[in-house]
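Remarks on the structure that follows.
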Amino acid sequence: SKVNKCHAHELYGRLPLDKTGIRGVYNLIHYADIVLQTEPLQRPDVIDFLVALDINAAIKMKYLGLFNGVHGYKQNVSAVNTFIEEQTAKGNQWAIKMKIKGLLNGHYGYQKDIAAAHNLIDDQIAKGNIWAIEKKFWGLLEGQYGYQKDLAAASTLTEVHSARGDKWSIAMKINRLLGCLRGNQQEVAAAHVLIEEQIAKGNKWAAERKIVGLLEGRYG
């Protein structure tokens, strides 16, 4: 059913496996991250089949193959760029991160384009991807990833997403209020209110923060 869904019949036919029984192919698909550690199976016919099934371990291995000329692939920067674009179009999170890195630094066949990288980060933030919120937050806080240092904008970012219930943003807001983040003024009373609210909602991170504070006399 997986082969039919991704139209990988030709790739399936090339597999160096006995197909009279389903077990070998089943193991290849469902334990790909383990199977691909076996050197004899680190080859394009196996990797390409698993890439067609959107298996991350194979996607990363094909990238390495094209980038470094290993696993039976020829080194080809243009093909790396095409591959990242194909995977980005499918919504693969690893590929989107690689494209952002490429645009920020001019790697993987991309021209350096900070604005395009930031647009892609914002697009991912709009889709609720936590890693994108983190990247923009640290970029604004530390002046990294092509962002100008802007503490107010970093705070606004955590305010917006903590209000939507994002636990990472809530944690950063608490850290900001406790004065744990560089350049932020301490507001201990507000931090304690937020910690108590989060504990009541079952937020384990907030509970751990309070326990550490009580045990060690920290965080006000």
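By convention here, the chains of the structure tokens are called A, B, ... in the order presented, each chain's residues are numbered starting at 1, and ligands are numbered starting at 1 in the order presented.
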Residues near Leu194 of chain A, cut-off 12 Å, only C-alpha atoms, skip fewer than 5 positions along chain, as an mmCIF file with all heavy atoms, in the first residue's frame:
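Full text of out_3.cif as output:
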```
data_model
loop_
_atom_site.group_PDB
_atom_site.id
_atom_site.type_symbol
_atom_site.label_atom_id
_atom_site.label_comp_id
_atom_site.auth_asym_id
_atom_site.auth_seq_id
_atom_site.Cartn_x
_atom_site.Cartn_y
_atom_site.Cartn_z
ATOM 1 N N SER A 162 2.866 32.612 23.433
ATOM 2 C CA SER A 162 2.479 32.086 24.754
ATOM 3 C C SER A 162 0.975 32.241 24.949
ATOM 4 O O SER A 162 0.317 31.379 25.535
ATOM 5 C CB SER A 162 3.255 32.782 25.882
ATOM 6 O OG SER A 162 3.006 34.165 25.891
ATOM 7 N N ALA A 163 0.407 33.321 24.396
ATOM 8 C CA ALA A 163 -1.048 33.526 24.473
ATOM 9 C C ALA A 163 -1.800 32.451 23.694
ATOM 10 O O ALA A 163 -2.957 32.144 24.000
ATOM 11 C CB ALA A 163 -1.404 34.906 23.923
ATOM 12 N N LYS A 167 4.053 26.022 24.604
ATOM 13 C CA LYS A 167 4.772 25.824 25.861
ATOM 14 C C LYS A 167 6.196 26.364 25.822
ATOM 15 O O LYS A 167 6.706 26.849 26.831
ATOM 16 C CB LYS A 167 4.772 24.343 26.244
ATOM 17 C CG LYS A 167 3.410 23.864 26.720
ATOM 18 C CD LYS A 167 3.465 22.449 27.259
ATOM 19 C CE LYS A 167 2.097 22.026 27.795
ATOM 20 N NZ LYS A 167 2.114 20.646 28.317
ATOM 21 N N ILE A 170 5.930 30.026 26.358
ATOM 22 C CA ILE A 170 5.593 30.278 27.762
ATOM 23 C C ILE A 170 6.852 30.171 28.625
ATOM 24 O O ILE A 170 7.099 31.016 29.496
ATOM 25 C CB ILE A 170 4.509 29.296 28.249
ATOM 26 C CG1 ILE A 170 3.173 29.607 27.564
ATOM 27 C CG2 ILE A 170 4.355 29.351 29.768
ATOM 28 C CD1 ILE A 170 2.127 28.520 27.709
ATOM 29 N N ALA A 171 7.672 29.144 28.347
ATOM 30 C CA ALA A 171 8.921 28.976 29.096
ATOM 31 C C ALA A 171 9.845 30.174 28.892
ATOM 32 O O ALA A 171 10.461 30.667 29.849
ATOM 33 C CB ALA A 171 9.618 27.689 28.664
ATOM 34 N N MET A 172 9.947 30.661 27.660
ATOM 35 C CA MET A 172 10.800 31.822 27.391
ATOM 36 C C MET A 172 10.245 33.083 28.056
ATOM 37 O O MET A 172 11.005 33.920 28.542
ATOM 38 C CB MET A 172 10.929 32.040 25.880
ATOM 39 C CG MET A 172 11.780 31.020 25.176
ATOM 40 S SD MET A 172 13.477 30.879 25.825
ATOM 41 C CE MET A 172 13.353 29.336 26.737
ATOM 42 N N LYS A 173 8.916 33.197 28.091
ATOM 43 C CA LYS A 173 8.315 34.353 28.770
ATOM 44 C C LYS A 173 8.633 34.309 30.259
ATOM 45 O O LYS A 173 8.991 35.331 30.863
ATOM 46 C CB LYS A 173 6.798 34.371 28.556
ATOM 47 C CG LYS A 173 6.121 35.568 29.228
ATOM 48 C CD LYS A 173 4.627 35.608 28.937
ATOM 49 C CE LYS A 173 3.978 36.800 29.645
ATOM 50 N NZ LYS A 173 2.532 36.883 29.357
ATOM 51 N N ILE A 174 8.529 33.130 30.872
ATOM 52 C CA ILE A 174 8.869 32.991 32.291
ATOM 53 C C ILE A 174 10.338 33.333 32.516
ATOM 54 O O ILE A 174 10.682 34.070 33.448
ATOM 55 C CB ILE A 174 8.547 31.557 32.783
ATOM 56 C CG1 ILE A 174 7.028 31.359 32.846
ATOM 57 C CG2 ILE A 174 9.163 31.301 34.160
ATOM 58 C CD1 ILE A 174 6.589 29.915 33.084
ATOM 59 N N ASN A 175 11.213 32.809 31.662
ATOM 60 C CA ASN A 175 12.640 33.118 31.781
ATOM 61 C C ASN A 175 12.894 34.615 31.660
ATOM 62 O O ASN A 175 13.736 35.178 32.372
ATOM 63 C CB ASN A 175 13.436 32.374 30.707
ATOM 64 C CG ASN A 175 13.664 30.918 31.062
ATOM 65 O OD1 ASN A 175 13.583 30.532 32.224
ATOM 66 N ND2 ASN A 175 13.950 30.103 30.061
ATOM 67 N N ARG A 176 12.164 35.249 30.725
ATOM 68 C CA ARG A 176 12.326 36.696 30.550
ATOM 69 C C ARG A 176 11.898 37.443 31.809
ATOM 70 O O ARG A 176 12.607 38.334 32.284
ATOM 71 C CB ARG A 176 11.497 37.161 29.345
ATOM 72 C CG ARG A 176 11.513 38.674 29.122
ATOM 73 C CD ARG A 176 10.868 39.027 27.798
ATOM 74 N NE ARG A 176 9.490 38.589 27.687
ATOM 75 C CZ ARG A 176 8.454 39.229 28.231
ATOM 76 N NH1 ARG A 176 8.641 40.323 28.963
ATOM 77 N NH2 ARG A 176 7.226 38.778 28.061
ATOM 78 N N LEU A 177 10.751 37.062 32.372
ATOM 79 C CA LEU A 177 10.243 37.736 33.569
ATOM 80 C C LEU A 177 11.139 37.490 34.791
ATOM 81 O O LEU A 177 11.246 38.345 35.677
ATOM 82 C CB LEU A 177 8.818 37.265 33.866
ATOM 83 C CG LEU A 177 7.744 37.672 32.845
ATOM 84 C CD1 LEU A 177 6.438 36.943 33.119
ATOM 85 C CD2 LEU A 177 7.535 39.181 32.852
ATOM 86 N N LEU A 178 11.785 36.319 34.806
ATOM 87 C CA LEU A 178 12.701 36.017 35.915
ATOM 88 C C LEU A 178 14.056 36.691 35.749
ATOM 89 O O LEU A 178 14.895 36.636 36.651
ATOM 90 C CB LEU A 178 12.907 34.501 36.024
ATOM 91 C CG LEU A 178 11.720 33.684 36.533
ATOM 92 C CD1 LEU A 178 12.022 32.196 36.400
ATOM 93 C CD2 LEU A 178 11.392 34.037 37.987
ATOM 94 N N GLU A 187 10.903 40.706 36.510
ATOM 95 C CA GLU A 187 9.551 40.961 37.012
ATOM 96 C C GLU A 187 9.098 39.688 37.728
ATOM 97 O O GLU A 187 8.263 38.927 37.225
ATOM 98 C CB GLU A 187 8.597 41.323 35.869
ATOM 99 C CG GLU A 187 8.963 42.600 35.132
ATOM 100 C CD GLU A 187 8.036 42.874 33.970
ATOM 101 O OE1 GLU A 187 6.809 42.964 34.206
ATOM 102 O OE2 GLU A 187 8.521 42.967 32.829
ATOM 103 N N VAL A 188 9.655 39.485 38.919
ATOM 104 C CA VAL A 188 9.495 38.207 39.624
ATOM 105 C C VAL A 188 8.040 37.901 39.956
ATOM 106 O O VAL A 188 7.581 36.766 39.780
ATOM 107 C CB VAL A 188 10.358 38.193 40.911
ATOM 108 C CG1 VAL A 188 10.059 36.956 41.744
ATOM 109 C CG2 VAL A 188 11.829 38.226 40.542
ATOM 110 N N ALA A 189 7.300 38.887 40.424
ATOM 111 C CA ALA A 189 5.903 38.642 40.817
ATOM 112 C C ALA A 189 5.088 38.136 39.629
ATOM 113 O O ALA A 189 4.320 37.166 39.747
ATOM 114 C CB ALA A 189 5.290 39.917 41.383
ATOM 115 N N ILE A 199 1.471 25.522 36.317
ATOM 116 C CA ILE A 199 1.445 24.323 37.168
ATOM 117 C C ILE A 199 0.015 23.793 37.261
ATOM 118 O O ILE A 199 -0.219 22.590 37.169
ATOM 119 C CB ILE A 199 2.022 24.625 38.566
ATOM 120 C CG1 ILE A 199 3.535 24.851 38.470
ATOM 121 C CG2 ILE A 199 1.720 23.491 39.548
ATOM 122 C CD1 ILE A 199 4.170 25.360 39.745
ATOM 123 N N ALA A 200 -0.945 24.712 37.412
ATOM 124 C CA ALA A 200 -2.360 24.318 37.497
ATOM 125 C C ALA A 200 -2.834 23.650 36.212
ATOM 126 O O ALA A 200 -3.757 22.826 36.227
ATOM 127 C CB ALA A 200 -3.221 25.544 37.799
ATOM 128 N N LYS A 201 -2.157 23.961 35.081
ATOM 129 C CA LYS A 201 -2.511 23.362 33.792
ATOM 130 C C LYS A 201 -1.698 22.102 33.501
ATOM 131 O O LYS A 201 -1.797 21.530 32.419
ATOM 132 C CB LYS A 201 -2.283 24.385 32.668
ATOM 133 C CG LYS A 201 -3.259 25.555 32.712
ATOM 134 C CD LYS A 201 -2.957 26.558 31.606
ATOM 135 C CE LYS A 201 -3.938 27.731 31.655
ATOM 136 N NZ LYS A 201 -3.627 28.738 30.617
ATOM 137 N N ASN A 203 1.705 21.841 33.460
ATOM 138 C CA ASN A 203 2.973 22.092 32.761
ATOM 139 C C ASN A 203 4.136 21.627 33.639
ATOM 140 O O ASN A 203 4.469 22.251 34.648
ATOM 141 C CB ASN A 203 3.089 23.588 32.445
ATOM 142 C CG ASN A 203 4.308 23.907 31.586
ATOM 143 O OD1 ASN A 203 5.365 23.307 31.732
ATOM 144 N ND2 ASN A 203 4.158 24.876 30.710
ATOM 145 N N ALA A 206 7.140 24.098 34.265
ATOM 146 C CA ALA A 206 6.875 25.133 35.268
ATOM 147 C C ALA A 206 6.994 24.556 36.677
ATOM 148 O O ALA A 206 7.542 25.204 37.581
ATOM 149 C CB ALA A 206 5.492 25.741 35.045
ATOM 150 N N ALA A 207 6.504 23.325 36.858
ATOM 151 C CA ALA A 207 6.608 22.670 38.163
ATOM 152 C C ALA A 207 8.072 22.464 38.552
ATOM 153 O O ALA A 207 8.482 22.713 39.691
ATOM 154 C CB ALA A 207 5.874 21.335 38.145
ATOM 155 N N ARG A 209 10.584 24.203 37.511
ATOM 156 C CA ARG A 209 11.163 25.530 37.787
ATOM 157 C C ARG A 209 10.883 25.932 39.236
ATOM 158 O O ARG A 209 11.760 26.422 39.939
ATOM 159 C CB ARG A 209 10.533 26.545 36.828
ATOM 160 C CG ARG A 209 11.405 27.741 36.472
ATOM 161 C CD ARG A 209 12.625 27.295 35.767
ATOM 162 N NE ARG A 209 13.232 28.366 34.977
ATOM 163 C CZ ARG A 209 14.383 28.229 34.380
ATOM 164 N NH1 ARG A 209 15.060 27.107 34.497
ATOM 165 N NH2 ARG A 209 14.895 29.190 33.668
ATOM 166 N N LYS A 210 9.644 25.721 39.675
ATOM 167 C CA LYS A 210 9.291 26.100 41.054
ATOM 168 C C LYS A 210 10.034 25.210 42.054
ATOM 169 O O LYS A 210 10.519 25.710 43.081
ATOM 170 C CB LYS A 210 7.778 25.979 41.266
ATOM 171 C CG LYS A 210 7.363 26.421 42.666
ATOM 172 C CD LYS A 210 5.850 26.487 42.833
ATOM 173 C CE LYS A 210 5.513 26.975 44.245
ATOM 174 N NZ LYS A 210 4.044 27.096 44.437
#
```
Skipping near chain neighbours, those fewer than 4 positions away, what residues fall within 9 Å of segment 12-19 of chain A using only C-alpha atoms, listed as an mmCIF file with N, CA and C atoms, in the first residue's frame?
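Output (part29.cif):
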```
data_model
loop_
_atom_site.group_PDB
_atom_site.id
_atom_site.type_symbol
_atom_site.label_atom_id
_atom_site.label_comp_id
_atom_site.auth_asym_id
_atom_site.auth_seq_id
_atom_site.Cartn_x
_atom_site.Cartn_y
_atom_site.Cartn_z
ATOM 1 N N VAL A 3 3.902 1.506 -1.335
ATOM 2 C CA VAL A 3 4.482 1.595 -2.682
ATOM 3 C C VAL A 3 3.464 2.177 -3.654
ATOM 4 N N ALA A 8 5.946 4.123 -6.328
ATOM 5 C CA ALA A 8 7.363 3.737 -6.312
ATOM 6 C C ALA A 8 7.573 2.326 -6.845
ATOM 7 N N ARG A 23 8.455 -9.954 4.505
ATOM 8 C CA ARG A 23 9.169 -9.565 5.721
ATOM 9 C C ARG A 23 10.379 -8.669 5.457
ATOM 10 N N GLY A 24 11.170 -9.020 4.447
ATOM 11 C CA GLY A 24 12.377 -8.235 4.166
ATOM 12 C C GLY A 24 12.052 -6.784 3.832
ATOM 13 N N VAL A 25 11.053 -6.594 2.967
ATOM 14 C CA VAL A 25 10.665 -5.233 2.572
ATOM 15 C C VAL A 25 10.010 -4.514 3.751
ATOM 16 N N LEU A 41 23.717 -1.853 2.494
ATOM 17 C CA LEU A 41 22.425 -1.303 2.058
ATOM 18 C C LEU A 41 22.460 0.213 1.882
ATOM 19 N N ASP A 45 19.807 2.489 -4.905
ATOM 20 C CA ASP A 45 18.520 1.834 -5.171
ATOM 21 C C ASP A 45 17.700 1.687 -3.896
ATOM 22 N N VAL A 46 18.371 1.398 -2.780
ATOM 23 C CA VAL A 46 17.680 1.280 -1.493
ATOM 24 C C VAL A 46 17.284 2.654 -0.967
ATOM 25 N N PHE A 49 14.427 4.399 -2.933
ATOM 26 C CA PHE A 49 13.130 3.775 -2.625
ATOM 27 C C PHE A 49 12.575 4.344 -1.318
#
```
Write out as a PyMOL selection string each polymer residue whose atoms come within 12 Å of Asp123 of chain A, counting only C-alpha atoms; drop sequence neighbours fewer than 2 positions from it.
-> chain A and resi 91+96+100+116-121+125-130+132-133+136
Please produce, as a Markdown table, a per-residue contact table for segment 16-65 of chain A versus segment 72-84 of chain A (criterion: any atom at most 12 Å away, only C-alpha atoms considered), showing the nearest atom pair and its distance in Å to one decimal, sorted by chain then residue number.
```
| residue | atom | partner | partner_atom | distance |
| --- | --- | --- | --- | --- |
| A:Glu39 | CA | A:Gly72 | CA | 11.2 |
| A:Pro40 | CA | A:Gly72 | CA | 10.8 |
| A:Leu41 | CA | A:Gly72 | CA | 10.5 |
| A:Gln42 | CA | A:Gly72 | CA | 7.9 |
| A:Arg43 | CA | A:Gly72 | CA | 5.6 |
| A:Pro44 | CA | A:Gly72 | CA | 6.0 |
| A:Asp45 | CA | A:Gly72 | CA | 9.3 |
| A:Val46 | CA | A:Gly72 | CA | 10.7 |
| A:Ile47 | CA | A:Gly72 | CA | 10.0 |
| A:Asp48 | CA | A:Tyr73 | CA | 10.7 |
| A:Val51 | CA | A:Phe83 | CA | 10.4 |
| A:Ala52 | CA | A:Phe83 | CA | 11.8 |
| A:Ile59 | CA | A:Phe83 | CA | 9.0 |
| A:Lys60 | CA | A:Ile84 | CA | 10.0 |
| A:Met61 | CA | A:Tyr73 | CA | 10.3 |
| A:Lys62 | CA | A:Tyr73 | CA | 7.9 |
| A:Tyr63 | CA | A:Val80 | CA | 6.3 |
| A:Leu64 | CA | A:Val80 | CA | 8.8 |
| A:Gly65 | CA | A:Tyr73 | CA | 5.2 |
```
Give me every helix (DSSP H, G or I) residue in segment 24-161 of chain A, going by DSSP on the backbone, as a VMD selection string.
-> chain A and resid 24 to 30 32 to 35 39 to 41 44 to 52 56 to 68 77 to 89 93 to 105 114 to 126 130 to 142 151 to 161
Counting only C-alpha atoms, what is within 12 Å of Asn27 of chain A, bar same-chain residues fewer than 6 positions away, as a PyMOL selection string?
-> chain A and resi 17+21+33-36+50
Go ahead and save the residues from that selection, with N, CA and C atoms, as a short mmCIF file (atom, residue, chain, number, x, y, z; two decimals), in the first residue's frame.
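What landed in selection_27.cif:
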```
data_model
loop_
_atom_site.label_atom_id
_atom_site.label_comp_id
_atom_site.auth_asym_id
_atom_site.auth_seq_id
_atom_site.Cartn_x
_atom_site.Cartn_y
_atom_site.Cartn_z
N LEU A 17 16.42 -7.22 -2.83
CA LEU A 17 15.85 -8.06 -1.78
C LEU A 17 14.99 -9.15 -2.40
N GLY A 21 8.77 -13.00 -0.17
CA GLY A 21 8.19 -12.84 1.16
C GLY A 21 8.18 -11.38 1.53
N ASP A 33 15.81 3.43 9.75
CA ASP A 33 16.89 4.14 10.44
C ASP A 33 17.96 3.17 10.94
N ILE A 34 17.56 1.93 11.28
CA ILE A 34 18.51 0.91 11.72
C ILE A 34 19.14 0.21 10.52
N VAL A 35 18.30 -0.18 9.56
CA VAL A 35 18.77 -0.91 8.38
C VAL A 35 19.82 -0.10 7.62
N LEU A 36 19.61 1.22 7.52
CA LEU A 36 20.52 2.07 6.74
C LEU A 36 21.89 2.25 7.41
N LEU A 50 13.42 4.43 -0.30
CA LEU A 50 12.97 4.92 1.01
C LEU A 50 12.69 6.43 0.97
#
```
Rounded to one decimal place, report the atom CA of Gly165 of chain A-atom CA of Gln198 of chain A distance in Å.
-> 10.1 Å
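Across the structure, atom CA of Gly106 of chain A and atom CA of Glu134 of chain A are spaced 21.5 Å apart.
Nearest residue to Ile114 of chain A among A:Leu11, A:Thr156, A:Tyr147, A:Ala89 is A:Tyr147, counting only C-alpha atoms.
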Mind checking which residues fall within 8 Å of Gly102 of chain A, counting only C-alpha atoms, ignoring those fewer than 6 positions away in the same chain, and posting them as an MDAnalysis selection string?
-> chainID A and resid 108:112
